[in-house]
Amino acid sequence: MKKVYVDSNVFISLILNEFGKNFEFMSYKSKYFFDKIINYGYQLVISNLVINEVCRITCLSVNDFIDFLIIFDNLIIVSIEEKQLLEAKKINSKNKIGLNDSLHFVIARDSGCFAIVTWNKKDFEFPENYLRVFDPREF
């Protein structure tokens, strides 16, 4: 079963009913992506970092967000390890990208994911990233 790591912004777009450029319905595109995950049997991987970012930005409680995640039968929630944080800091300082994005990459890679799905593909354009990066429309 193929594993896909989902960045917090995909959940945030869905929960907050966000619009993109030219009034594109990002929330609809996010929902369609999640329907594909469910219907085609992909394994969804998220981290505690995703949970914390989503809850902070949407003002959902952790329990409410976890209740939402129940719809994914093949969900894996991974914890951040100290060695992953250290590696993410090295990637971050070398490439001048966000620390959280570096950490999302390290977690996805270590979890055996083949891809990261995010609305901010440019955040994952650095030499160490050999994973495929999709936005929800492309997946």
# chains A, B, ... in the order shown; residues from 1 in each chain; ligands from 1
call {"tool": "closest_atom_pairs", "arguments": {"of": "segment 65-118 of chain A", "to": "segment 127-136 of chain A", "cutoff": "7 Å", "atoms": "only C-alpha atoms", "output": "CSV"}}
result
residue,atom,partner,partner_atom,distance
A:Phe114,CA,A:Leu131,CA,5.7
A:Ala115,CA,A:Arg132,CA,4.5
A:Ile116,CA,A:Val133,CA,4.9
A:Val117,CA,A:Phe134,CA,4.9
A:Thr118,CA,A:Asp135,CA,5.0
call {"tool": "residues_around", "arguments": {"residues": "Phe72 of chain A", "least_positions_apart": "3", "cutoff": "12 Å", "atoms": "only C-alpha atoms", "output": "count of residues only"}}
result
20
call {"tool": "residues_around", "arguments": {"residues": "Leu86 of chain A", "least_positions_apart": "2", "cutoff": "12 Å", "atoms": "only C-alpha atoms", "output": "compact mmCIF listing (two decimals) with C-alpha atoms, in the first residue's frame"}}
result
# COMPACT_ATOMS: atom_id res chain seq x y z
CA ILE A 80 8.64 13.43 15.83
CA GLU A 81 11.95 11.99 16.95
CA GLU A 82 14.87 14.09 18.18
CA LYS A 83 17.13 12.83 15.36
CA GLN A 84 14.52 13.97 12.81
CA ALA A 88 15.52 19.02 9.67
CA LYS A 89 17.56 21.83 11.24
CA LYS A 90 20.54 20.91 9.04
CA ILE A 91 18.38 20.85 5.89
CA ASN A 92 16.78 24.13 6.92
CA SER A 93 20.07 25.95 7.47
CA LEU A 99 12.08 24.41 9.62
CA ASN A 100 8.59 22.89 9.70
CA SER A 102 12.16 20.44 6.48
CA LEU A 103 10.66 18.46 9.33
CA VAL A 106 12.19 14.14 7.08
CA ILE A 107 9.11 12.59 8.69
call {"tool": "select_by_dssp", "arguments": {"residues": "segment 17-58 of chain A", "states": "alpha helix (DSSP H)", "output": "compact mmCIF listing (two decimals) with N, CA and C atoms, in the first residue's frame"}}
result
# COMPACT_ATOMS: atom_id res chain seq x y z
N MET A 26 -10.19 25.89 -3.10
CA MET A 26 -9.17 25.01 -2.55
C MET A 26 -9.79 23.96 -1.63
N SER A 27 -10.84 24.36 -0.92
CA SER A 27 -11.48 23.40 -0.02
C SER A 27 -12.09 22.25 -0.81
N TYR A 28 -12.70 22.54 -1.95
CA TYR A 28 -13.28 21.50 -2.80
C TYR A 28 -12.19 20.58 -3.35
N LYS A 29 -11.09 21.17 -3.80
CA LYS A 29 -9.98 20.38 -4.34
C LYS A 29 -9.37 19.51 -3.24
N SER A 30 -9.29 20.03 -2.02
CA SER A 30 -8.78 19.25 -0.90
C SER A 30 -9.70 18.08 -0.60
N LYS A 31 -11.01 18.33 -0.61
CA LYS A 31 -11.98 17.26 -0.35
C LYS A 31 -11.87 16.18 -1.43
N TYR A 32 -11.74 16.58 -2.67
CA TYR A 32 -11.61 15.63 -3.76
C TYR A 32 -10.35 14.78 -3.59
N PHE A 33 -9.26 15.41 -3.18
CA PHE A 33 -8.02 14.68 -2.91
C PHE A 33 -8.24 13.64 -1.82
N PHE A 34 -8.87 14.04 -0.71
CA PHE A 34 -9.09 13.09 0.38
C PHE A 34 -10.02 11.96 -0.04
N ASP A 35 -10.99 12.24 -0.90
CA ASP A 35 -11.84 11.18 -1.43
C ASP A 35 -11.00 10.15 -2.21
N LYS A 36 -10.02 10.63 -2.97
CA LYS A 36 -9.12 9.72 -3.70
C LYS A 36 -8.32 8.85 -2.74
N ILE A 37 -7.83 9.46 -1.68
CA ILE A 37 -7.06 8.71 -0.68
C ILE A 37 -7.89 7.56 -0.14
N ILE A 38 -9.14 7.85 0.18
CA ILE A 38 -10.03 6.83 0.74
C ILE A 38 -10.39 5.78 -0.31
N ASN A 39 -10.82 6.22 -1.48
CA ASN A 39 -11.34 5.31 -2.50
C ASN A 39 -10.28 4.44 -3.17
N ASN A 48 2.53 14.55 14.40
CA ASN A 48 2.06 15.44 15.46
C ASN A 48 2.22 16.89 15.04
N LEU A 49 3.21 17.18 14.22
CA LEU A 49 3.41 18.53 13.71
C LEU A 49 2.20 18.98 12.90
N VAL A 50 1.67 18.11 12.05
CA VAL A 50 0.47 18.43 11.27
C VAL A 50 -0.69 18.71 12.21
N ILE A 51 -0.88 17.84 13.17
CA ILE A 51 -2.00 18.02 14.12
C ILE A 51 -1.88 19.36 14.83
N ASN A 52 -0.69 19.69 15.32
CA ASN A 52 -0.51 20.96 16.03
C ASN A 52 -0.73 22.17 15.14
N GLU A 53 -0.23 22.13 13.90
CA GLU A 53 -0.41 23.25 12.98
C GLU A 53 -1.88 23.44 12.63
N VAL A 54 -2.57 22.34 12.32
CA VAL A 54 -3.98 22.43 11.97
C VAL A 54 -4.80 23.00 13.13
N CYS A 55 -4.57 22.49 14.31
CA CYS A 55 -5.34 22.94 15.47
C CYS A 55 -5.04 24.40 15.81
N ARG A 56 -3.79 24.81 15.68
CA ARG A 56 -3.42 26.19 15.99
C ARG A 56 -4.09 27.16 15.01
N ILE A 57 -4.10 26.83 13.73
CA ILE A 57 -4.62 27.75 12.71
C ILE A 57 -6.14 27.71 12.62
N THR A 58 -6.75 26.56 12.81
CA THR A 58 -8.21 26.44 12.67
C THR A 58 -8.95 26.64 13.99
call {"tool": "closest_residue", "arguments": {"among": "A:Cys113, A:Leu85, A:Ile71, A:Trp119", "to": "Ser8 of chain A", "atoms": "only C-alpha atoms"}}
result
A:Trp119
call {"tool": "select_by_dssp", "arguments": {"residues": "chain A", "states": "strand (DSSP E or B)", "output": "list of chain:residue names"}}
result
A:Lys3, A:Val4, A:Tyr5, A:Val6, A:Phe19, A:Phe25, A:Gln43, A:Leu44, A:Val45, A:Ile46, A:Ser47, A:Leu75, A:Ile76, A:Ile77, A:Val78, A:Ala115, A:Ile116, A:Val117, A:Arg132, A:Val133, A:Phe134
call {"tool": "atom_distance", "arguments": {"atom1": "atom CA of Ser47 of chain A", "atom2": "atom CA of Val78 of chain A"}}
result
4.7 Å
call {"tool": "atom_distance", "arguments": {"atom1": "atom CA of Asn17 of chain A", "atom2": "atom CA of Tyr5 of chain A"}}
result
21.1 Å
call {"tool": "decode", "arguments": {"residues": "segment 11-133 of chain A", "atoms": "C-alpha atoms", "output": "compact mmCIF listing (two decimals), in the first residue's frame"}}
result
# COMPACT_ATOMS: atom_id res chain seq x y z
CA PHE A 11 -6.42 20.03 5.95
CA ILE A 12 -6.54 23.74 6.78
CA SER A 13 -7.93 24.62 3.31
CA LEU A 14 -10.65 22.03 3.75
CA ILE A 15 -11.61 23.04 7.29
CA LEU A 16 -11.52 26.81 6.67
CA ASN A 17 -13.21 26.61 3.26
CA GLU A 18 -10.33 28.51 1.65
CA PHE A 19 -10.23 30.03 -1.80
CA GLY A 20 -7.09 30.34 -3.88
CA LYS A 21 -6.09 32.59 -6.75
CA ASN A 22 -8.95 33.48 -9.09
CA PHE A 23 -11.37 32.25 -6.43
CA GLU A 24 -10.38 28.62 -6.93
CA PHE A 25 -12.16 26.42 -4.40
CA MET A 26 -9.17 25.01 -2.55
CA SER A 27 -11.48 23.40 -0.02
CA TYR A 28 -13.28 21.50 -2.80
CA LYS A 29 -9.98 20.38 -4.34
CA SER A 30 -8.78 19.25 -0.90
CA LYS A 31 -11.98 17.26 -0.35
CA TYR A 32 -11.61 15.63 -3.76
CA PHE A 33 -8.02 14.68 -2.91
CA PHE A 34 -9.09 13.09 0.38
CA ASP A 35 -11.84 11.18 -1.43
CA LYS A 36 -9.12 9.72 -3.70
CA ILE A 37 -7.06 8.71 -0.68
CA ILE A 38 -10.03 6.83 0.74
CA ASN A 39 -11.34 5.31 -2.50
CA TYR A 40 -8.00 4.16 -3.93
CA GLY A 41 -6.61 2.69 -0.74
CA TYR A 42 -3.63 4.94 -0.11
CA GLN A 43 -2.25 5.07 3.39
CA LEU A 44 -2.41 8.58 4.82
CA VAL A 45 0.53 9.61 6.99
CA ILE A 46 0.53 12.68 9.21
CA SER A 47 2.63 13.74 12.15
CA ASN A 48 2.06 15.44 15.46
CA LEU A 49 3.41 18.53 13.71
CA VAL A 50 0.47 18.43 11.27
CA ILE A 51 -2.00 18.02 14.12
CA ASN A 52 -0.51 20.96 16.03
CA GLU A 53 -0.41 23.25 12.98
CA VAL A 54 -3.98 22.43 11.97
CA CYS A 55 -5.34 22.94 15.47
CA ARG A 56 -3.42 26.19 15.99
CA ILE A 57 -4.62 27.75 12.71
CA THR A 58 -8.21 26.44 12.67
CA CYS A 59 -8.80 26.75 16.44
CA LEU A 60 -10.02 23.15 16.54
CA SER A 61 -9.20 21.15 19.61
CA VAL A 62 -6.90 18.17 19.14
CA ASN A 63 -9.80 15.87 20.01
CA ASP A 64 -12.06 17.47 17.39
CA PHE A 65 -9.41 17.11 14.71
CA ILE A 66 -8.71 13.50 15.70
CA ASP A 67 -12.48 12.84 15.48
CA PHE A 68 -12.41 14.22 11.93
CA LEU A 69 -9.54 11.89 11.03
CA ILE A 70 -11.61 8.80 11.92
CA ILE A 71 -12.86 8.69 8.30
CA PHE A 72 -9.40 7.49 7.20
CA ASP A 73 -9.13 3.75 7.76
CA ASN A 74 -5.49 3.68 6.75
CA LEU A 75 -4.22 6.60 8.83
CA ILE A 76 -0.82 6.59 10.49
CA ILE A 77 0.07 9.32 12.98
CA VAL A 78 3.80 9.47 13.63
CA SER A 79 5.64 11.22 16.42
CA ILE A 80 8.64 13.43 15.83
CA GLU A 81 11.95 11.99 16.95
CA GLU A 82 14.87 14.09 18.18
CA LYS A 83 17.13 12.83 15.36
CA GLN A 84 14.52 13.97 12.81
CA LEU A 85 14.44 17.44 14.33
CA LEU A 86 18.24 17.66 14.19
CA GLU A 87 18.30 16.56 10.55
CA ALA A 88 15.52 19.02 9.67
CA LYS A 89 17.56 21.83 11.24
CA LYS A 90 20.54 20.91 9.04
CA ILE A 91 18.38 20.85 5.89
CA ASN A 92 16.78 24.13 6.92
CA SER A 93 20.07 25.95 7.47
CA LYS A 94 21.57 24.60 4.24
CA ASN A 95 18.58 25.45 2.00
CA LYS A 96 16.98 28.43 3.79
CA ILE A 97 13.54 26.86 3.84
CA GLY A 98 11.14 26.69 6.75
CA LEU A 99 12.08 24.41 9.62
CA ASN A 100 8.59 22.89 9.70
CA ASP A 101 8.78 22.09 5.97
CA SER A 102 12.16 20.44 6.48
CA LEU A 103 10.66 18.46 9.33
CA HIS A 104 7.63 17.41 7.25
CA PHE A 105 10.05 16.11 4.60
CA VAL A 106 12.19 14.14 7.08
CA ILE A 107 9.11 12.59 8.69
CA ALA A 108 7.60 11.66 5.30
CA ARG A 109 10.86 10.11 4.13
CA ASP A 110 11.40 8.18 7.36
CA SER A 111 7.79 6.92 7.25
CA GLY A 112 8.31 5.37 3.82
CA CYS A 113 6.07 7.79 1.92
CA PHE A 114 6.47 8.09 -1.83
CA ALA A 115 4.97 11.59 -1.93
CA ILE A 116 4.09 14.73 -0.03
CA VAL A 117 0.83 16.51 -0.83
CA THR A 118 0.80 20.25 -0.12
CA TRP A 119 -0.61 23.48 -1.45
CA ASN A 120 2.91 24.97 -1.18
CA LYS A 121 5.06 22.85 -3.50
CA LYS A 122 7.80 25.48 -3.61
CA ASP A 123 8.47 24.83 0.09
CA PHE A 124 9.75 21.37 -0.82
CA GLU A 125 12.08 22.33 -3.68
CA PHE A 126 15.48 21.51 -2.22
CA PRO A 127 18.16 19.04 -3.32
CA GLU A 128 17.67 16.53 -0.51
CA ASN A 129 14.01 16.01 -1.37
CA TYR A 130 13.71 13.01 -3.65
CA LEU A 131 10.03 12.44 -2.76
CA ARG A 132 7.37 13.37 -5.27
CA VAL A 133 5.52 16.56 -4.38
